[in-house]
Structure formats: structure tokens, C-alpha cells
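Chemist: Quick one: the structure is below, questions incoming.
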Amino acid sequence: MDTGDRLLTPGEVAALFRVDPKTETRWAAAGRISSIRTPGGHRRFRESEVRALLEGEAELDEPHGSVDPNNNGHGPEGR
């Protein structure tokens with residue numbers, strides 16, 4: 001089913017959250033943000049879901065608290 005939603009690369013998502021691309025990749029691997037795989041095996045993220053997370057309409061599931069997209073991926077403490 002095609003919803004017409006733009007797909008974002010890991011680098012684009014990382015830039016939006018202001019985290020390293022590896023942080024975003026770990027979030028996806030842990031199931032904290034959903035992704036799809038291209039036929040070549042690359043991750044892509046639905047823009048609508050990413051925007052919802054950024055706007056606070058959805059939350060990243062973090063084992064020890066929620067992720068604040070403004071703290072550079074260092075967890076709730078924002079070291």
C-alpha cells in the first residue's frame with residue numbers, strides 16, 4: 001500500500017534529531033523507530049513517523065526513559 005509518504009535516509013533522520021547516524025541506526029535496530037529496508041538492504045524511515053516523533057506526537061521507546069531529540073542522543077541526562 002503506497003501512502004505517498006517520503007522515505008528518509010538514516011543520515012537525514014540523524015540530522016533532524018541532531019544525533020550521529022549510528023545512534024539512529026541503533027534506535028532502528030532496537031525497534032525504537034520503525035524502518036523499512038530497500039531491496040539493497042538499506043534502511044529508510046517514513047517521514048510522517050519521523051515528523052511525529054520530532055513534534056512530540058509519538059515517543060521513542062527508550063529502556064531507561066524517553067529520548068529528548070534536543071540532547072544529542074545522550075539519553076535523558078543530556079550529558
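Ligands are numbered from 1 in the order shown, chains are lettered A, B, ... in the order of the C-alpha cells, and residues start at 1 in each chain.
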If you count only C-alpha atoms, which residues fall within 7 Å of Asp5 (chain A), apart from same-chain ones fewer than 2 positions away, as a list in words?

Modeler: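 Residues near the query, excluding close chain neighbours: Thr3, Leu7, Arg46, Glu47 and Ser48 of chain A.
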
Chemist: How about saving the chosen residues, N, CA, C and O atoms kept, as a CSV table (one decimal), in the first residue's frame?

Modeler:
chain,number,residue,atom,x,y,z
A,3,THR,N,1.3,5.0,0.6
A,3,THR,CA,0.7,6.2,1.2
A,3,THR,C,1.2,7.5,0.7
A,3,THR,O,0.8,8.6,1.1
A,7,LEU,N,10.3,8.7,2.0
A,7,LEU,CA,11.2,7.9,2.8
A,7,LEU,C,12.5,8.7,3.0
A,7,LEU,O,13.1,9.2,2.1
A,46,ARG,N,9.9,6.4,7.3
A,46,ARG,CA,8.8,7.2,6.9
A,46,ARG,C,8.8,8.6,7.4
A,46,ARG,O,8.9,8.8,8.7
A,47,GLU,N,8.8,9.6,6.6
A,47,GLU,CA,8.9,11.0,7.0
A,47,GLU,C,7.8,11.3,8.0
A,47,GLU,O,8.0,12.1,9.0
A,48,SER,N,6.6,10.8,7.8
A,48,SER,CA,5.4,11.2,8.7
A,48,SER,C,5.7,10.7,10.1
A,48,SER,O,5.4,11.4,11.1

Chemist: List the spatial neighbours of Val13 (chain A) as a ChimeraX atom specification - criterion: any atom at most 10 Å away, only C-alpha atoms, same-chain residues fewer than 4 positions off excluded.

Modeler: /A:7-9,17-21,24-25,44-47,50-51

Chemist: Would you save the residues from that selection as a PDB file, in the first residue's frame, using C-alpha atoms?

Modeler:
ATOM      1  CA  LEU A   7      11.238   7.927   2.769  1.00  0.00           C
ATOM      2  CA  LEU A   8      14.207   9.396   4.611  1.00  0.00           C
ATOM      3  CA  THR A   9      17.745   8.033   4.782  1.00  0.00           C
ATOM      4  CA  PHE A  17      17.277  14.591  15.563  1.00  0.00           C
ATOM      5  CA  ARG A  18      20.781  16.094  15.784  1.00  0.00           C
ATOM      6  CA  VAL A  19      22.372  12.759  16.599  1.00  0.00           C
ATOM      7  CA  ASP A  20      25.074  10.689  14.975  1.00  0.00           C
ATOM      8  CA  PRO A  21      23.737   8.392  12.217  1.00  0.00           C
ATOM      9  CA  GLU A  24      19.670   6.499  14.830  1.00  0.00           C
ATOM     10  CA  THR A  25      20.712   3.118  13.392  1.00  0.00           C
ATOM     11  CA  ARG A  44      14.595   4.022   5.157  1.00  0.00           C
ATOM     12  CA  PHE A  45      12.230   5.846   7.501  1.00  0.00           C
ATOM     13  CA  ARG A  46       8.750   7.211   6.851  1.00  0.00           C
ATOM     14  CA  GLU A  47       8.862  10.987   7.002  1.00  0.00           C
ATOM     15  CA  VAL A  50       9.853  10.938  11.966  1.00  0.00           C
ATOM     16  CA  ARG A  51       7.969  14.263  11.949  1.00  0.00           C
TER      17      ARG A  51
END

Chemist: As an exercise, work out the distance from CA of Arg6 (chain A) to CA of Pro39 (chain A) in Å and give it to one decimal place.

Modeler: 16.5 Å

Chemist: Could you pull out the strand (DSSP E or B) residues of region 1-65 of chain A, going by DSSP on the backbone, and write them as a VMD selection string?

Modeler: chain A and resid 7 to 8 36 to 37 43 to 46
